[in-house]
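Encoded as structure tokens, the structure appears first; notes follow it.
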Amino acid sequence: MLHLRLIVPHGQTDIALDVLRAQPGVTHIVLLRDAAIAPPGDVVDAAVAREAVDEVVAALCALDLDRVGGITLETIDTVLSDAADRAELAAPGDGADAMVWEELLAKTGEESKPSVTFQSFLTLACVLASVGVVTNSAVTIVGAMIVGPEFGPLAAIAVGLVRRRTDLLRRAGVALGVGFPLAMLVTAGVTVLAGLAGLFDRDTVLAAHQVEFVYQVGPYSLIVALLAGAAGMLAMTSAKSAALVGVFVSVTTVPAAGYAVVAAVVGEWDRCVGSLVQLVVNMLGIVLAAAVVLLISRRRAGHDRPLRV
């Protein structure tokens, strides 16, 4: 279940309470008169079954509470209550299958920001991938996959396409369009310094057979990207975030960027181009599959309410 907190302007509290009472998936309703200071108003708390959240939030937004008051949602890890059990049983559908659009928008919007933290993780992942290439270490390549934060912006692009949110598309596009070139530039500098220090040479890269999958593009490159994109979006929409680790290990976006840099430094342009193609194929496949998952979920939900970031 999710904890719902409302800040309701004076005069609209009874209407908001009627909305909550009318939804069988809502329980534990608490009213605190004049408890809100900024913005001023009453505070209403409630526990909402996950499968009922989207409908409840839609009704509350229809009252403009998201503009004149406030609506916050927070996941409740443990609920010991017969009333909560009854609310979950009464709500239509299954909580594990329910998708909360506001939660998804907030999550993808946050993870798609071109922040210093995002850039740092992406750069570290690319450098780690380059180390995996020159040391012929598939384990290190897998480590780079896990560290890479690129799935957030890719998921945000899928959400932006489905919801026609140009602001989300623009933000995620900047994160990827600036993030990858900058990370690859730093990786190139580190690779050049490592070569000058005698840590590796061209023959070392050519002998790295365990990581050849990074630049070898084939039908399975797209298939894996599609499966990873679908699994990743399902994990985000069903609140099963632990599954995202498996998604990160499945795709070769960051390793492809790292391999492209190393190949370019040693003059292996065929492998460099192959790695870049692998990068593009993986990103397109992830976005396509994630968007399809969202379209199916939206059709299943039976409504298409405009959402805000």
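Letters A, B, ... mark the chains of the structure tokens in the order given; residue numbers begin at 1 per chain; ligand numbers begin at 1, in order shown.
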Write out as a CSV table (one decimal) with N, CA, C and O atoms, in the first residue's frame all residues of segment 21-252 of chain A that backbone DSSP assigns to strand (DSSP E).
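Final output, saved to states-v7.csv:
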```csv
chain,number,residue,atom,x,y,z
A,26,VAL,N,-9.3,2.7,-0.3
A,26,VAL,CA,-8.7,3.7,0.6
A,26,VAL,C,-9.2,3.4,2.0
A,26,VAL,O,-10.4,3.1,2.2
A,27,THR,N,-8.3,3.5,2.9
A,27,THR,CA,-8.6,3.3,4.4
A,27,THR,C,-7.7,4.1,5.2
A,27,THR,O,-6.8,4.8,4.7
A,28,HIS,N,-7.8,4.0,6.5
A,28,HIS,CA,-7.0,4.8,7.5
A,28,HIS,C,-7.0,6.3,7.2
A,28,HIS,O,-6.0,6.9,7.2
A,29,ILE,N,-8.2,6.8,6.9
A,29,ILE,CA,-8.4,8.2,6.6
A,29,ILE,C,-8.3,9.0,7.9
A,29,ILE,O,-9.0,8.7,8.9
A,30,VAL,N,-7.4,10.0,7.9
A,30,VAL,CA,-7.2,10.8,9.1
A,30,VAL,C,-7.3,12.3,8.7
A,30,VAL,O,-6.7,12.7,7.7
A,31,LEU,N,-8.0,13.1,9.4
A,31,LEU,CA,-8.2,14.5,9.1
A,31,LEU,C,-7.5,15.4,10.3
A,31,LEU,O,-7.9,15.2,11.4
A,32,LEU,N,-6.7,16.3,9.9
A,32,LEU,CA,-6.0,17.2,10.8
A,32,LEU,C,-6.4,18.6,10.4
A,32,LEU,O,-5.9,19.2,9.4
A,33,ARG,N,-7.3,19.2,11.1
A,33,ARG,CA,-7.8,20.6,10.8
A,33,ARG,C,-6.7,21.6,11.0
A,33,ARG,O,-6.0,21.6,12.0
A,34,ASP,N,-6.6,22.5,10.0
A,34,ASP,CA,-5.6,23.7,10.1
A,34,ASP,C,-4.2,23.2,10.5
A,34,ASP,O,-3.4,24.0,11.1
A,35,ALA,N,-3.8,22.0,10.1
A,35,ALA,CA,-2.5,21.6,10.4
A,35,ALA,C,-1.4,22.0,9.4
A,35,ALA,O,-0.2,22.1,9.8
A,36,ALA,N,-1.8,22.4,8.2
A,36,ALA,CA,-0.9,22.8,7.2
A,36,ALA,C,-0.6,24.3,7.3
A,36,ALA,O,-1.5,25.1,7.5
A,41,GLY,N,-4.0,25.1,5.1
A,41,GLY,CA,-5.1,24.3,4.9
A,41,GLY,C,-5.2,23.1,5.9
A,41,GLY,O,-4.5,23.1,6.9
A,42,ASP,N,-6.0,22.2,5.6
A,42,ASP,CA,-6.2,21.0,6.4
A,42,ASP,C,-5.3,19.9,5.8
A,42,ASP,O,-4.9,19.9,4.6
A,43,VAL,N,-4.9,18.9,6.6
A,43,VAL,CA,-4.0,17.8,6.2
A,43,VAL,C,-4.9,16.6,6.3
A,43,VAL,O,-5.6,16.3,7.3
A,44,VAL,N,-4.9,15.8,5.2
A,44,VAL,CA,-5.6,14.5,5.2
A,44,VAL,C,-4.7,13.4,4.9
A,44,VAL,O,-3.9,13.5,3.9
A,45,ASP,N,-4.6,12.4,5.7
A,45,ASP,CA,-3.8,11.2,5.5
A,45,ASP,C,-4.7,10.0,5.2
A,45,ASP,O,-5.8,9.9,5.7
A,46,ALA,N,-4.1,9.1,4.4
A,46,ALA,CA,-4.9,7.9,4.1
A,46,ALA,C,-3.9,6.8,3.6
A,46,ALA,O,-2.8,7.1,3.1
A,47,ALA,N,-4.3,5.6,3.7
A,47,ALA,CA,-3.6,4.5,3.1
A,47,ALA,C,-4.4,4.0,1.9
A,47,ALA,O,-5.6,3.8,2.0
A,48,VAL,N,-3.7,3.9,0.8
A,48,VAL,CA,-4.3,3.5,-0.5
A,48,VAL,C,-3.7,2.3,-1.1
A,48,VAL,O,-2.5,2.2,-1.2
A,70,GLY,N,-1.6,20.2,-2.1
A,70,GLY,CA,-0.4,19.3,-2.3
A,70,GLY,C,-0.9,17.9,-2.2
A,70,GLY,O,-1.8,17.5,-1.4
A,71,ILE,N,-0.2,17.0,-3.0
A,71,ILE,CA,-0.5,15.6,-2.9
A,71,ILE,C,0.9,14.9,-2.9
A,71,ILE,O,1.7,15.1,-3.8
A,72,THR,N,1.1,14.1,-1.9
A,72,THR,CA,2.3,13.3,-1.7
A,72,THR,C,2.0,11.8,-1.6
A,72,THR,O,1.0,11.5,-1.0
A,73,LEU,N,2.9,11.0,-2.1
A,73,LEU,CA,2.7,9.6,-2.0
A,73,LEU,C,4.0,8.9,-1.5
A,73,LEU,O,5.1,9.4,-1.9
A,74,GLU,N,3.9,7.9,-0.7
A,74,GLU,CA,5.0,7.2,-0.1
A,74,GLU,C,4.7,5.8,0.1
A,74,GLU,O,3.6,5.5,0.6
A,75,THR,N,5.6,4.9,-0.4
A,75,THR,CA,5.3,3.5,-0.2
A,75,THR,C,5.4,3.0,1.3
A,75,THR,O,6.3,3.5,2.0
```
Neighbouring residues of Val190 of chain A were defined as those with any atom within 10 Å, considering only C-alpha atoms; residues of the same chain fewer than 6 positions away were excluded. Please report them as a PDB file with N, CA, C and O atoms, in the first residue's frame.
```pdb
ATOM      1  N   VAL A 127      35.074   4.105 -17.872  1.00  0.00           N
ATOM      2  CA  VAL A 127      36.477   3.822 -17.572  1.00  0.00           C
ATOM      3  C   VAL A 127      36.637   2.377 -17.119  1.00  0.00           C
ATOM      4  O   VAL A 127      37.577   1.681 -17.518  1.00  0.00           O
ATOM      5  N   SER A 130      36.571   0.165 -20.090  1.00  0.00           N
ATOM      6  CA  SER A 130      37.840   0.191 -20.830  1.00  0.00           C
ATOM      7  C   SER A 130      38.891  -0.678 -20.151  1.00  0.00           C
ATOM      8  O   SER A 130      39.690  -1.342 -20.822  1.00  0.00           O
ATOM      9  N   VAL A 131      38.872  -0.708 -18.835  1.00  0.00           N
ATOM     10  CA  VAL A 131      39.793  -1.587 -18.102  1.00  0.00           C
ATOM     11  C   VAL A 131      39.454  -3.045 -18.397  1.00  0.00           C
ATOM     12  O   VAL A 131      40.345  -3.889 -18.587  1.00  0.00           O
ATOM     13  N   MET A 184      33.073   9.339 -22.549  1.00  0.00           N
ATOM     14  CA  MET A 184      33.998   8.724 -23.505  1.00  0.00           C
ATOM     15  C   MET A 184      35.257   9.565 -23.686  1.00  0.00           C
ATOM     16  O   MET A 184      36.351   9.025 -23.887  1.00  0.00           O
ATOM     17  N   LEU A 196      50.578   5.075 -22.762  1.00  0.00           N
ATOM     18  CA  LEU A 196      51.898   5.693 -22.626  1.00  0.00           C
ATOM     19  C   LEU A 196      52.679   5.092 -21.457  1.00  0.00           C
ATOM     20  O   LEU A 196      53.916   5.027 -21.495  1.00  0.00           O
ATOM     21  N   VAL A 262      38.619   2.567 -26.530  1.00  0.00           N
ATOM     22  CA  VAL A 262      39.876   1.817 -26.563  1.00  0.00           C
ATOM     23  C   VAL A 262      40.244   1.458 -28.005  1.00  0.00           C
ATOM     24  O   VAL A 262      41.397   1.597 -28.423  1.00  0.00           O
TER      25      VAL A 262
END
```
DSSP-assigned helix (DSSP H, G or I) members of segment 190-305 of chain A, reported as a VMD selection string: chain A and resid 190 to 196 202 to 206 209 to 214 219 to 237 241 to 250 253 to 265 269 to 301
Which residues of segment 168-222 of chain A come within 7 Å of segment 136-149 of chain A, and what is each one's closest atom pair and distance in Å (one decimal), counting only C-alpha atoms, sorted by chain and residue number, as CSV?
```
residue,atom,partner,partner_atom,distance
A:Ala208,CA,A:Asn136,CA,4.6
A:His209,CA,A:Asn136,CA,6.9
A:Gln210,CA,A:Asn136,CA,5.9
A:Val211,CA,A:Ala138,CA,5.9
```
- prompt: Quick one: of A:Val178, A:Leu206, A:Leu279, A:Ile37, who's nearest to Val116 of chain A, counting only C-alpha atoms?
  reply: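 For Val116 of chain A, the nearest of the candidates is A:Val178.
The neighbours of Asp85 of chain A here are the residues that come within 10 Å of it, using only C-alpha atoms and leaving out any residue fewer than 6 positions away in the same chain; they are Met1, Gly25, Thr27, Ala49 and Val79 of chain A.
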- request: Name the residues in contact with Thr187 of chain A at a cut-off of 12 Å, using only C-alpha atoms, excluding same-chain residues fewer than 2 positions from it; report them as JSON, numbers by chain.
  value: {"A": [120, 122, 123, 124, 125, 126, 127, 128, 129, 130, 131, 180, 181, 182, 183, 184, 185, 189, 190, 191, 192, 193, 194, 254, 255, 257, 258, 259, 260, 261, 262, 263, 264, 265]}
- request: Would you mind listing what lies within 8 Å of segment 10-19 of chain A as a PyMOL selection string, with only C-alpha atoms counted and same-chain residues fewer than 3 positions away left out?
  value: chain A and resi 22-23+41-42+56+59-60+63
field: Pairwise distance for atom CA of Val100 of chain A and atom CA of Asp54 of chain A, rounded to one decimal in Å
entry: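 Separation of atom CA of Val100 of chain A and atom CA of Asp54 of chain A: 5.5 Å.
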Per residue of segment 71-140 of chain A within 12 Å of segment 163-169 of chain A, what are the shortest atom pair and its distance in Å to one decimal, counting only C-alpha atoms, with rows by chain and residue number, as a tab-separated table?
```
residue	atom	partner	partner_atom	distance
A:Trp101	CA	A:Arg163	CA	10.0
A:Glu102	CA	A:Arg163	CA	11.7
A:Leu104	CA	A:Arg163	CA	11.5
A:Leu105	CA	A:Leu168	CA	8.8
A:Ala106	CA	A:Leu168	CA	10.5
A:Lys107	CA	A:Leu168	CA	11.5
A:Thr108	CA	A:Leu168	CA	8.5
A:Gly109	CA	A:Leu168	CA	6.6
A:Glu110	CA	A:Leu168	CA	10.0
A:Glu111	CA	A:Leu168	CA	10.8
A:Ser112	CA	A:Leu168	CA	8.0
A:Lys113	CA	A:Leu168	CA	9.2
A:Pro114	CA	A:Leu168	CA	11.7
```
Separation of atom CA of Leu2 of chain A from atom CA of Leu234 of chain A, in Å and rounded to one decimal: 18.6 Å
